[in-house]
>>> print(open('data14.txt').read())   # compact mmCIF, C-alpha atoms (C1' of nucleotides)
# COMPACT_ATOMS: atom_id res chain seq x y z
CA MET O 1 40.54 -24.35 34.30
CA ALA O 2 41.71 -25.50 37.63
CA LEU O 3 45.14 -24.12 38.51
CA GLU O 4 43.37 -21.23 40.23
CA HIS O 5 41.33 -23.69 42.18
CA ALA O 6 44.22 -25.97 42.99
CA ILE O 7 45.98 -22.90 44.42
CA LEU O 8 42.88 -21.96 46.40
CA VAL O 9 42.73 -25.45 47.89
CA SER O 10 46.41 -25.36 48.80
CA LEU O 11 46.29 -21.83 50.23
CA THR O 12 43.21 -22.67 52.27
CA GLU O 13 45.10 -25.54 53.87
CA ARG O 14 47.93 -23.12 54.64
CA ALA O 15 48.86 -19.58 53.55
CA GLY O 16 52.16 -19.25 51.71
CA SER O 17 54.30 -17.52 49.11
CA GLY O 18 54.44 -18.29 45.41
CA TYR O 19 57.71 -20.06 45.96
CA GLU O 20 56.32 -22.23 48.73
CA LEU O 21 53.34 -23.08 46.58
CA ALA O 22 55.68 -24.16 43.80
CA ARG O 23 57.42 -26.51 46.30
CA ARG O 24 54.07 -27.94 47.37
CA PHE O 25 53.15 -28.51 43.75
CA ASP O 26 56.44 -30.34 43.31
CA ARG O 27 55.46 -32.57 46.17
CA SER O 28 51.90 -33.44 47.06
CA ILE O 29 49.33 -31.63 44.92
CA GLY O 30 51.55 -31.46 41.88
CA TYR O 31 51.53 -35.24 41.61
CA PHE O 32 47.97 -34.75 40.41
CA TRP O 33 48.17 -31.23 39.08
CA PRO O 34 51.66 -30.19 37.97
CA ALA O 35 52.59 -26.51 37.79
CA THR O 36 55.79 -24.48 37.53
CA HIS O 37 56.63 -21.42 39.58
CA GLN O 38 56.12 -19.23 36.51
CA GLN O 39 52.56 -20.29 36.10
CA ILE O 40 51.90 -19.99 39.79
CA TYR O 41 53.24 -16.42 40.03
CA ARG O 42 51.23 -15.34 37.04
CA VAL O 43 48.05 -16.95 38.25
CA LEU O 44 48.50 -15.54 41.76
CA ARG O 45 48.63 -12.03 40.33
CA ARG O 46 45.50 -12.68 38.30
CA MET O 47 43.77 -14.10 41.36
CA GLU O 48 44.68 -11.04 43.39
CA GLU O 49 43.17 -8.81 40.70
CA ALA O 50 40.02 -10.90 40.92
CA GLY O 51 40.07 -10.44 44.71
CA TRP O 52 40.36 -14.13 45.55
CA VAL O 53 43.64 -13.76 47.45
CA LYS O 54 45.53 -11.01 49.25
CA HIS O 55 49.23 -10.82 49.97
CA THR O 56 51.30 -9.31 52.76
CA GLU O 57 54.93 -8.56 52.07
CA ILE O 58 57.42 -10.10 54.49
CA ALA O 59 60.95 -8.66 54.69
CA GLN O 60 63.63 -11.24 55.37
CA GLU O 61 67.28 -11.07 56.38
CA GLY O 62 69.76 -12.27 53.84
CA ARG O 63 67.17 -13.45 51.38
CA PRO O 64 64.59 -11.77 49.14
CA ASP O 65 61.34 -10.47 50.56
CA LYS O 66 58.42 -12.75 50.12
CA LYS O 67 54.72 -12.29 49.58
CA ILE O 68 52.50 -14.44 51.72
CA TYR O 69 49.20 -15.07 50.03
CA ARG O 70 45.97 -15.69 51.91
CA VAL O 71 42.56 -16.66 50.59
CA SER O 72 39.97 -13.90 50.92
CA PRO O 73 36.25 -14.44 51.59
CA ALA O 74 35.62 -13.96 47.86
CA GLY O 75 38.18 -16.69 47.19
CA ARG O 76 36.44 -19.05 49.58
CA THR O 77 33.12 -18.37 47.86
CA GLU O 78 34.66 -19.02 44.46
CA LEU O 79 36.27 -22.25 45.65
CA SER O 80 33.02 -23.50 47.08
CA ARG O 81 31.24 -22.59 43.86
CA TRP O 82 33.79 -24.43 41.73
CA LEU O 83 33.77 -27.49 43.96
CA ALA O 84 30.04 -27.87 43.50
CA GLU O 85 30.14 -27.27 39.76
CA PRO O 86 30.25 -30.29 37.45
CA GLU O 87 33.34 -30.68 35.33
CA ASP O 88 34.28 -32.83 32.36
CA PRO O 89 36.24 -35.92 33.31
CA ALA O 90 39.93 -35.73 32.48
CA VAL O 91 40.93 -37.27 29.18
CA LEU O 92 43.85 -39.55 28.90
CA ARG O 93 46.62 -38.14 26.72
CA ASP O 94 49.67 -40.29 26.46
CA GLY O 95 52.28 -40.13 23.73
CA LEU O 96 53.25 -43.71 24.47
CA GLY O 97 49.93 -44.85 23.04
CA VAL O 98 50.70 -42.97 19.84
CA LYS O 99 54.16 -44.53 19.66
CA LEU O 100 52.76 -47.98 20.24
CA ARG O 101 50.24 -47.49 17.51
CA GLY O 102 53.04 -46.55 15.12
CA ALA O 103 55.44 -49.21 16.39
CA SER O 104 55.69 -51.03 13.06
CA LEU O 105 57.02 -47.84 11.44
CA ALA O 106 59.91 -47.54 13.90
CA PRO O 107 63.34 -49.14 13.95
CA PRO O 108 62.97 -52.70 15.32
CA GLY O 109 62.84 -52.81 19.10
CA ALA O 110 62.73 -49.03 19.53
CA VAL O 111 59.20 -48.84 20.87
CA LEU O 112 59.71 -51.91 23.05
CA ARG O 113 62.66 -50.17 24.69
CA GLU O 114 60.58 -47.05 25.19
CA VAL O 115 57.81 -49.02 26.87
CA GLN O 116 60.38 -50.59 29.18
CA ARG O 117 61.71 -47.16 30.09
CA HIS O 118 58.23 -45.90 30.89
CA ARG O 119 57.53 -49.00 32.92
CA ALA O 120 60.58 -48.28 35.05
CA GLU O 121 59.66 -44.64 35.59
CA HIS O 122 56.09 -45.45 36.54
CA ALA O 123 57.28 -48.18 38.90
CA THR O 124 59.55 -45.67 40.61
CA ARG O 125 56.72 -43.23 41.02
CA LEU O 126 54.49 -46.00 42.32
CA GLU O 127 57.07 -46.84 44.98
CA LEU O 128 57.24 -43.18 45.96
CA TYR O 129 53.47 -43.05 46.43
CA ARG O 130 53.45 -46.30 48.38
CA GLY O 131 56.13 -44.90 50.64
CA ILE O 132 53.97 -41.85 51.34
CA GLN O 133 51.04 -44.11 52.05
CA ARG O 134 53.01 -46.21 54.56
CA ARG O 135 54.48 -43.16 56.25
CA ASP O 136 51.48 -40.84 56.37
CA PHE O 137 48.48 -43.16 56.36
CA PRO O 138 49.36 -46.40 58.19
CA LYS O 139 45.80 -46.86 59.48
CA PRO O 140 43.50 -45.74 56.64
CA ALA O 141 40.35 -47.12 58.28
CA LYS O 142 40.56 -44.48 61.01
CA LEU O 143 40.78 -41.49 58.73
CA ASN O 144 38.11 -38.87 58.30
CA GLY O 145 37.60 -35.36 56.93
CA ARG O 146 40.55 -33.67 55.33
CA ASP O 147 43.01 -36.49 56.04
CA LEU O 148 40.69 -38.99 54.45
CA HIS O 149 40.43 -36.84 51.34
CA GLN O 150 44.19 -36.56 51.03
CA TYR O 151 44.49 -40.29 51.46
CA LEU O 152 41.93 -40.94 48.75
CA VAL O 153 43.72 -38.66 46.31
CA LEU O 154 46.91 -40.59 46.97
CA ARG O 155 45.00 -43.83 46.36
CA GLY O 156 44.07 -42.47 42.96
CA GLY O 157 47.70 -41.89 42.13
CA ILE O 158 48.63 -45.36 43.31
CA ARG O 159 45.87 -47.00 41.30
CA ALA O 160 46.79 -45.06 38.18
CA GLU O 161 50.45 -46.02 38.43
CA GLU O 162 49.67 -49.65 39.20
CA SER O 163 47.46 -49.84 36.19
CA PHE O 164 50.08 -48.18 34.03
CA VAL O 165 52.79 -50.59 35.13
CA ALA O 166 50.52 -53.58 34.51
CA TRP O 167 49.73 -52.26 31.04
CA CYS O 168 53.42 -51.85 30.23
CA ASP O 169 54.01 -55.44 31.31
CA GLU O 170 51.22 -56.66 29.07
CA VAL O 171 52.65 -54.66 26.16
CA ILE O 172 56.24 -55.81 26.75
CA ASP O 173 55.14 -59.42 26.90
CA ALA O 174 53.08 -59.15 23.72
CA LEU O 175 55.77 -57.31 21.75
CA ARG O 176 58.38 -59.87 22.74
CA LYS O 177 56.21 -62.73 21.51
CA ASP O 178 55.37 -60.97 18.26
CA LYS O 179 57.60 -62.23 15.49
CA SER O 180 56.08 -60.33 12.61
CA MET N 181 54.93 -32.35 21.22
CA ALA N 182 53.15 -35.19 19.60
CA LEU N 183 50.14 -34.01 17.61
CA GLU N 184 52.35 -33.85 14.54
CA HIS N 185 53.40 -37.39 15.19
CA ALA N 186 49.93 -38.64 15.94
CA ILE N 187 48.90 -37.22 12.56
CA LEU N 188 51.88 -38.85 10.87
CA VAL N 189 50.90 -42.21 12.34
CA SER N 190 47.30 -41.79 11.24
CA LEU N 191 48.17 -40.57 7.74
CA THR N 192 50.65 -43.41 7.29
CA GLU N 193 47.87 -45.88 8.02
CA ARG N 194 45.71 -44.08 5.45
CA ALA N 195 45.90 -40.77 3.56
CA GLY N 196 43.07 -38.35 4.23
CA SER N 197 41.82 -34.79 4.53
CA GLY N 198 41.97 -32.63 7.63
CA TYR N 199 38.30 -33.23 8.16
CA GLU N 200 38.68 -36.99 7.93
CA LEU N 201 41.57 -36.83 10.38
CA ALA N 202 39.39 -34.90 12.80
CA ARG N 203 36.78 -37.70 12.54
CA ARG N 204 39.46 -40.33 13.21
CA PHE N 205 40.63 -38.37 16.22
CA ASP N 206 37.05 -38.31 17.45
CA ARG N 207 37.02 -42.08 17.18
CA SER N 208 40.07 -44.28 17.57
CA ILE N 209 43.27 -42.27 18.05
CA GLY N 210 41.57 -39.41 19.78
CA TYR N 211 40.61 -41.67 22.67
CA PHE N 212 44.30 -41.48 23.52
CA TRP N 213 45.21 -38.19 21.92
CA PRO N 214 42.29 -35.76 21.56
CA ALA N 215 42.43 -32.99 18.96
CA THR N 216 39.98 -30.59 17.35
CA HIS N 217 39.74 -29.82 13.64
CA GLN N 218 41.24 -26.37 14.26
CA GLN N 219 44.39 -27.78 15.70
CA ILE N 220 44.62 -30.41 12.99
CA TYR N 221 44.27 -27.88 10.15
CA ARG N 222 46.87 -25.62 11.67
CA VAL N 223 49.33 -28.41 12.33
CA LEU N 224 48.81 -29.89 8.85
CA ARG N 225 49.82 -26.56 7.31
CA ARG N 226 52.87 -26.40 9.53
CA MET N 227 53.75 -29.95 8.61
CA GLU N 228 53.44 -29.18 4.93
CA GLU N 229 55.83 -26.24 5.33
CA ALA N 230 58.25 -28.61 7.02
CA GLY N 231 57.85 -30.99 4.09
CA TRP N 232 56.48 -33.89 6.12
CA VAL N 233 53.20 -34.12 4.18
CA LYS N 234 51.89 -33.10 0.76
CA HIS N 235 48.33 -32.47 -0.29
CA THR N 236 46.40 -32.91 -3.52
CA GLU N 237 43.19 -30.94 -4.00
CA ILE N 238 40.10 -32.98 -4.82
CA ALA N 239 37.09 -31.21 -6.34
CA GLN N 240 33.75 -32.60 -5.23
CA GLU N 241 30.16 -32.16 -6.41
CA GLY N 242 27.82 -30.43 -4.05
CA ARG N 243 30.31 -30.18 -1.25
CA PRO N 244 33.52 -28.24 -0.66
CA ASP N 245 36.78 -29.32 -2.25
CA LYS N 246 39.02 -31.29 0.00
CA LYS N 247 42.74 -31.64 0.43
CA ILE N 248 44.01 -35.15 0.74
CA TYR N 249 47.23 -35.27 2.72
CA ARG N 250 49.90 -37.91 2.23
CA VAL N 251 53.06 -38.52 4.23
CA SER N 252 56.26 -37.66 2.31
CA PRO N 253 59.57 -39.52 2.64
CA ALA N 254 60.78 -36.72 4.96
CA GLY N 255 57.68 -37.31 7.07
CA ARG N 256 58.42 -41.01 7.32
CA THR N 257 61.98 -40.23 8.38
CA GLU N 258 60.76 -37.81 11.03
CA LEU N 259 58.21 -40.30 12.33
CA SER N 260 60.80 -43.01 12.62
CA ARG N 261 63.15 -40.61 14.40
CA TRP N 262 60.48 -39.58 16.89
CA LEU N 263 59.40 -43.13 17.55
CA ALA N 264 62.93 -44.09 18.55
CA GLU N 265 63.43 -41.00 20.71
CA PRO N 266 62.80 -41.26 24.45
CA GLU N 267 59.97 -39.16 25.84
CA ASP N 268 58.86 -38.19 29.32
CA PRO N 269 56.02 -40.32 30.64
CA ALA N 270 52.65 -38.62 30.66
CA VAL N 271 51.68 -36.99 33.91
CA LEU N 272 48.28 -37.45 35.39
CA ARG N 273 46.29 -34.22 35.56
CA ASP N 274 42.82 -34.61 36.93
CA GLY N 275 40.69 -31.86 38.39
CA LEU N 276 38.70 -34.44 40.31
CA GLY N 277 41.73 -35.06 42.50
CA VAL N 278 41.86 -31.35 43.29
CA LYS N 279 38.17 -31.29 44.11
CA LEU N 280 38.49 -34.32 46.33
CA ARG N 281 41.35 -32.72 48.19
CA GLY N 282 39.20 -29.67 48.82
CA ALA N 283 36.04 -31.65 49.56
CA SER N 284 35.69 -30.37 53.12
CA LEU N 285 35.48 -26.79 51.81
CA ALA N 286 32.52 -27.58 49.56
CA PRO N 287 28.81 -27.72 50.25
CA PRO N 288 28.05 -31.10 51.89
CA GLY N 289 27.72 -33.91 49.40
CA ALA N 290 28.79 -31.81 46.40
CA VAL N 291 32.05 -33.59 45.78
CA LEU N 292 30.49 -36.98 46.39
CA ARG N 293 27.94 -36.25 43.67
CA GLU N 294 30.71 -35.13 41.34
CA VAL N 295 32.65 -38.36 41.91
CA GLN N 296 29.49 -40.34 41.16
CA ARG N 297 29.04 -38.41 37.91
CA HIS N 298 32.60 -39.11 36.87
CA ARG N 299 32.20 -42.75 37.76
CA ALA N 300 29.23 -42.98 35.43
CA GLU N 301 31.03 -41.27 32.58
CA HIS N 302 34.11 -43.42 32.90
CA ALA N 303 31.97 -46.54 33.10
CA THR N 304 30.27 -45.53 29.84
CA ARG N 305 33.60 -45.01 28.17
CA LEU N 306 34.83 -48.33 29.50
CA GLU N 307 31.82 -50.08 27.96
CA LEU N 308 32.54 -48.35 24.66
CA TYR N 309 36.11 -49.63 24.67
CA ARG N 310 35.03 -53.13 25.64
CA GLY N 311 32.57 -53.10 22.78
CA ILE N 312 35.38 -52.21 20.37
CA GLN N 313 37.49 -54.99 21.83
CA ARG N 314 34.72 -57.59 21.36
CA ARG N 315 33.94 -56.41 17.86
CA ASP N 316 37.41 -55.81 16.47
CA PHE N 317 39.65 -58.13 18.46
CA PRO N 318 37.73 -61.27 19.41
CA LYS N 319 40.87 -63.47 19.27
CA PRO N 320 43.70 -61.35 20.69
CA ALA N 321 46.14 -64.28 20.93
CA LYS N 322 46.33 -64.45 17.14
CA LEU N 323 47.20 -60.84 16.54
CA ASN N 324 50.50 -59.56 15.29
CA GLY N 325 52.10 -56.44 13.79
CA ARG N 326 49.92 -53.39 13.35
CA ASP N 327 46.72 -55.08 14.57
CA LEU N 328 48.47 -56.19 17.73
CA HIS N 329 49.67 -52.65 18.37
CA GLN N 330 46.19 -51.23 17.95
CA TYR N 331 44.83 -53.86 20.28
CA LEU N 332 47.43 -53.03 22.92
CA VAL N 333 46.62 -49.34 22.77
CA LEU N 334 42.97 -50.19 23.31
CA ARG N 335 44.00 -52.36 26.26
CA GLY N 336 45.67 -49.32 27.77
CA GLY N 337 42.45 -47.37 27.49
CA ILE N 338 40.48 -50.20 29.04
CA ARG N 339 42.90 -50.57 31.92
CA ALA N 340 42.92 -46.83 32.58
CA GLU N 341 39.12 -46.65 32.67
CA GLU N 342 38.82 -49.78 34.82
CA SER N 343 41.22 -48.33 37.31
CA PHE N 344 39.41 -45.01 37.31
CA VAL N 345 36.05 -46.62 37.94
CA ALA N 346 37.49 -48.72 40.77
CA TRP N 347 39.01 -45.61 42.31
CA CYS N 348 35.69 -43.78 42.15
CA ASP N 349 34.03 -46.72 43.89
CA GLU N 350 36.62 -46.63 46.64
CA VAL N 351 36.13 -42.89 47.06
CA ILE N 352 32.32 -43.09 47.05
CA ASP N 353 32.39 -45.83 49.65
CA ALA N 354 34.80 -43.93 51.91
CA LEU N 355 32.95 -40.61 51.63
CA ARG N 356 29.64 -42.28 52.46
CA LYS N 357 31.09 -43.83 55.60
CA ASP N 358 32.73 -40.59 56.69
CA LYS N 359 30.60 -38.86 59.27
CA SER N 360 32.90 -35.98 60.10
C1' DA M 361 88.51 -18.96 45.32
C1' DG M 362 85.00 -20.91 42.66
C1' DC M 363 80.90 -23.80 41.82
C1' DT M 364 76.55 -25.56 42.95
C1' DG M 365 72.22 -25.26 45.08
C1' DC M 366 68.51 -22.93 47.60
C1' DA M 367 65.25 -19.18 48.44
C1' DG M 368 62.63 -15.65 46.22
C1' DT M 369 60.42 -12.98 42.37
C1' DG M 370 59.90 -11.84 37.84
C1' DC M 371 60.05 -10.78 32.29
C1' DA M 372 59.80 -12.27 27.43
C1' DA M 373 58.87 -15.28 23.94
C1' DC M 374 56.95 -19.16 22.51
C1' DT M 375 53.93 -23.34 21.67
C1' DC M 376 49.76 -25.75 22.54
C1' DG M 377 44.97 -25.95 22.85
C1' DT M 378 40.14 -23.94 23.06
C1' DT M 379 36.17 -21.21 21.54
C1' DG M 380 33.49 -18.58 18.63
C1' DC M 381 32.58 -17.42 14.24
C1' DA M 382 32.22 -17.52 8.87
C1' DT M 383 31.18 -19.68 4.50
C1' DA M 384 28.67 -22.99 1.54
C1' DG M 385 25.59 -26.30 -0.21
C1' DG M 386 23.54 -30.93 0.90
C1' DT M 387 20.43 -33.98 3.34
C1' DA M 388 17.16 -35.48 6.84
C1' DA M 389 13.61 -34.70 10.23
C1' DG M 390 9.96 -32.03 12.36
C1' DC Y 391 9.24 -24.71 5.51
C1' DT Y 392 12.36 -24.24 8.74
C1' DT Y 393 15.62 -26.08 11.80
C1' DA Y 394 19.41 -28.81 12.39
C1' DC Y 395 23.15 -31.51 11.23
C1' DC Y 396 27.02 -33.16 7.89
C1' DT Y 397 30.96 -32.21 4.84
C1' DA Y 398 34.88 -29.10 4.32
C1' DT Y 399 38.11 -25.41 5.37
C1' DG Y 400 39.55 -21.56 7.64
C1' DC Y 401 40.39 -16.86 10.62
C1' DA Y 402 40.88 -14.39 14.99
C1' DA Y 403 41.41 -14.06 19.73
C1' DC Y 404 42.35 -15.94 23.84
C1' DG Y 405 43.97 -18.88 27.66
C1' DA Y 406 47.09 -22.36 29.36
C1' DG Y 407 51.59 -24.10 29.79
C1' DT Y 408 56.74 -24.31 28.78
C1' DT Y 409 61.46 -22.63 28.44
C1' DG Y 410 65.12 -19.64 28.97
C1' DC Y 411 66.86 -16.02 31.23
C1' DA Y 412 67.93 -12.29 35.01
C1' DC Y 413 69.00 -10.58 39.81
C1' DT Y 414 70.15 -11.13 44.85
C1' DG Y 415 72.51 -13.27 48.56
C1' DC Y 416 73.56 -17.05 51.69
C1' DA Y 417 75.32 -21.88 52.67
C1' DG Y 418 78.08 -25.70 51.73
C1' DC Y 419 81.35 -28.27 49.14
C1' DT Y 420 85.84 -28.83 46.75
>>> encode(input="data14.txt", output="structure tokens")
Amino acid sequence: MALEHAILVSLTERAGSGYELARRFDRSIGYFWPATHQQIYRVLRRMEEAGWVKHTEIAQEGRPDKKIYRVSPAGRTELSRWLAEPEDPAVLRDGLGVKLRGASLAPPGAVLREVQRHRAEHATRLELYRGIQRRDFPKPAKLNGRDLHQYLVLRGGIRAEESFVAWCDEVIDALRKDKS
Amino acid sequence: MALEHAILVSLTERAGSGYELARRFDRSIGYFWPATHQQIYRVLRRMEEAGWVKHTEIAQEGRPDKKIYRVSPAGRTELSRWLAEPEDPAVLRDGLGVKLRGASLAPPGAVLREVQRHRAEHATRLELYRGIQRRDFPKPAKLNGRDLHQYLVLRGGIRAEESFVAWCDEVIDALRKDKS
DNA sequence: AGCTGCAGTGCAACTCGTTGCATAGGTAAG
DNA sequence: CTTACCTATGCAACGAGTTGCACTGCAGCT
């Protein structure tokens, strides 16, 4: 599994609390590896038992104390080990494919409407990613190191959403023409 | 969740045993919704309790008896209900993105090699899908109804793999040029 | 004065999915 | 002759992920 490792990557970039990590997962990393605060808290505790991270408690005025987690040397070793280790490619798992396959068993037009809905949501997400690209990476040719890697991950998200939207369009077009 | 519904779709197309379903999931449907025999057996039992499927036991010579499952009227109702119900779009969850983001923390070249490996695997899968397309759907313009739907699902798989391969190429190219 | 939202951590219960193993006889290859 | 794989179903244990809830206190809106 990789939530541990996603957390290690994020904490190596910058130390932070479970809550902050959850925010980061809502924004950047979570676009490619979603996680809730529940999961993150639980995994952080497990990681601390394994010695991969250490926390320091920070008292705050007017709001709850927080625990800032930092990656330990053992955590860095583990991350490096995992990064070099081969992993099975992700499999695609999309309920929309299942619905499409069963479309003739549904009320007329129901699956078409669902595909249109998905198209809209993916188009919105695509616009979000493109906005990030324009704002954060206006000159991609000049990037290197860590910035380049972040840019390339974003490119993956953009490509995936583009391809999804194009597929939805193909499906919508074909379903509309189908008179059977 | 959708494994129940994926099974309903598959069993509506043709009745079959848990084992046969597992084979089908290894082949067609499972390209878009993977499942192991364990999961399938467990879910089939749950579905039978819910009254969505019924089985008849078939004795066989020289091999174990099998249970052929058929979709009941209640199952058809449930399937139709689910098909018309809106569902959240699938989120992308790919460990390779996490590795790429952490590439500068890995041994030099490790992540590049991993991307190349993934590229090869996705290219293989893409060729598999294209082979199915050539064999089973040589004249896509003439398709309608259930065949059309199956074709469109396959198109989704092809598009996803194409886009993945193209992304890997972009990443490989950029990582090679990066001297930092 | 009351509601919503944010920051911060956490428990409990649940579903979903994976892995390893067991049983049993058949067939095919070395 | 033995190893390995195919058909066929299943248990047990675990890990991953989701959902609902609880507590605290501040800030801002209505």
>>> atom_distance(input="data14.txt", atom1="CA of Arg299 in chain N", atom2="CA of Leu276 in chain N")
10.9 Å
>>> interface_residues(input="data14.txt", of="chain O", to="chain M", cutoff="7 Å", atoms="all atoms listed in the file", output="PyMOL selection string")
chain O and resi 19+63-66
>>> write_last_selection(input="data14.txt", atoms="C-alpha atoms", output="CSV table (one decimal), in the frame of the given file")
chain,number,residue,atom,x,y,z
O,19,TYR,CA,57.7,-20.1,46.0
O,63,ARG,CA,67.2,-13.4,51.4
O,64,PRO,CA,64.6,-11.8,49.1
O,65,ASP,CA,61.3,-10.5,50.6
O,66,LYS,CA,58.4,-12.8,50.1
>>> atom_distance(input="data14.txt", atom1="CA of Glu342 in chain N", atom2="CA of Asp274 in chain N")
15.8 Å
>>> closest_atom_pairs(input="data14.txt", of="chain O", to="chain Y", cutoff="9 Å", atoms="only C-alpha atoms (C1' of nucleotides)", output="tab-separated table")
residue	atom	partner	partner_atom	distance
O:Met1	CA	Y:DA406	C1'	8.4
O:Ala35	CA	Y:DG407	C1'	8.4
O:Thr36	CA	Y:DT408	C1'	8.8
O:Gln39	CA	Y:DG407	C1'	7.4
O:Gly62	CA	Y:DG415	C1'	6.0
O:Arg63	CA	Y:DG415	C1'	6.0
O:Pro64	CA	Y:DT414	C1'	7.1
>>> residues_near_point(input="data14.txt", point="(41.3, -14.7, 50.6)", cutoff="10 Å", atoms="all atoms listed in the file", output="list of chain:residue names")
O:Leu8, O:Leu11, O:Thr12, O:Ala15, O:Met47, O:Glu48, O:Gly51, O:Trp52, O:Val53, O:Lys54, O:His55, O:Tyr69, O:Arg70, O:Val71, O:Ser72, O:Pro73, O:Ala74, O:Gly75, O:Arg76, O:Thr77
>>> interface_residues(input="data14.txt", of="chain N", to="chain O", cutoff="8 Å", atoms="all atoms listed in the file", output="PyMOL selection string")
chain N and resi 182+185-186+189+209+211-214+259-261+263-264+266-287+290-291+294+298+301-302+324-326+329-330+332-333+335-336+339-340+343-344+347+351+358-360
>>> atom_distance(input="data14.txt", atom1="CA of Arg46 in chain O", atom2="CA of Gly18 in chain O")
12.7 Å
>>> build_atoms(input="data14.txt", residues="range 197-216 of chain N", atoms="N, CA and C atoms", output="mmCIF file, in the frame of the given file")
data_model
loop_
_atom_site.group_PDB
_atom_site.id
_atom_site.type_symbol
_atom_site.label_atom_id
_atom_site.label_comp_id
_atom_site.auth_asym_id
_atom_site.auth_seq_id
_atom_site.Cartn_x
_atom_site.Cartn_y
_atom_site.Cartn_z
ATOM 1 N N SER N 197 41.933 -36.246 4.398
ATOM 2 C CA SER N 197 41.820 -34.790 4.530
ATOM 3 C C SER N 197 41.858 -34.413 6.016
ATOM 4 N N GLY N 198 41.998 -33.115 6.259
ATOM 5 C CA GLY N 198 41.970 -32.630 7.630
ATOM 6 C C GLY N 198 40.678 -33.024 8.327
ATOM 7 N N TYR N 199 39.594 -32.887 7.586
ATOM 8 C CA TYR N 199 38.300 -33.230 8.160
ATOM 9 C C TYR N 199 38.226 -34.701 8.559
ATOM 10 N N GLU N 200 38.690 -35.555 7.644
ATOM 11 C CA GLU N 200 38.680 -36.990 7.930
ATOM 12 C C GLU N 200 39.555 -37.308 9.152
ATOM 13 N N LEU N 201 40.693 -36.641 9.223
ATOM 14 C CA LEU N 201 41.570 -36.830 10.380
ATOM 15 C C LEU N 201 40.845 -36.454 11.664
ATOM 16 N N ALA N 202 40.131 -35.330 11.611
ATOM 17 C CA ALA N 202 39.390 -34.900 12.800
ATOM 18 C C ALA N 202 38.388 -35.977 13.208
ATOM 19 N N ARG N 203 37.718 -36.597 12.226
ATOM 20 C CA ARG N 203 36.780 -37.700 12.540
ATOM 21 C C ARG N 203 37.524 -38.857 13.200
ATOM 22 N N ARG N 204 38.683 -39.215 12.633
ATOM 23 C CA ARG N 204 39.460 -40.330 13.210
ATOM 24 C C ARG N 204 39.872 -40.014 14.632
ATOM 25 N N PHE N 205 40.234 -38.745 14.862
ATOM 26 C CA PHE N 205 40.630 -38.370 16.220
ATOM 27 C C PHE N 205 39.435 -38.416 17.155
ATOM 28 N N ASP N 206 38.245 -38.154 16.616
ATOM 29 C CA ASP N 206 37.050 -38.310 17.450
ATOM 30 C C ASP N 206 36.836 -39.771 17.811
ATOM 31 N N ARG N 207 37.245 -40.657 16.914
ATOM 32 C CA ARG N 207 37.020 -42.080 17.180
ATOM 33 C C ARG N 207 38.271 -42.704 17.780
ATOM 34 N N SER N 208 38.997 -43.478 16.975
ATOM 35 C CA SER N 208 40.070 -44.280 17.570
ATOM 36 C C SER N 208 41.220 -43.517 18.242
ATOM 37 N N ILE N 209 42.069 -42.865 17.457
ATOM 38 C CA ILE N 209 43.270 -42.270 18.050
ATOM 39 C C ILE N 209 42.948 -41.251 19.120
ATOM 40 N N GLY N 210 41.901 -40.488 18.871
ATOM 41 C CA GLY N 210 41.570 -39.410 19.780
ATOM 42 C C GLY N 210 41.187 -39.869 21.172
ATOM 43 N N TYR N 211 40.856 -41.177 21.331
ATOM 44 C CA TYR N 211 40.610 -41.670 22.670
ATOM 45 C C TYR N 211 41.883 -41.568 23.497
ATOM 46 N N PHE N 212 43.028 -41.523 22.809
ATOM 47 C CA PHE N 212 44.300 -41.480 23.520
ATOM 48 C C PHE N 212 45.086 -40.214 23.196
ATOM 49 N N TRP N 213 44.598 -39.472 22.215
ATOM 50 C CA TRP N 213 45.210 -38.190 21.920
ATOM 51 C C TRP N 213 44.183 -37.256 21.273
ATOM 52 N N PRO N 214 43.363 -36.597 22.092
ATOM 53 C CA PRO N 214 42.290 -35.760 21.560
ATOM 54 C C PRO N 214 42.804 -34.573 20.764
ATOM 55 N N ALA N 215 42.081 -34.185 19.732
ATOM 56 C CA ALA N 215 42.430 -32.990 18.960
ATOM 57 C C ALA N 215 41.208 -32.506 18.198
ATOM 58 N N THR N 216 41.090 -31.185 18.080
ATOM 59 C CA THR N 216 39.980 -30.590 17.350
ATOM 60 C C THR N 216 40.389 -30.339 15.895
#
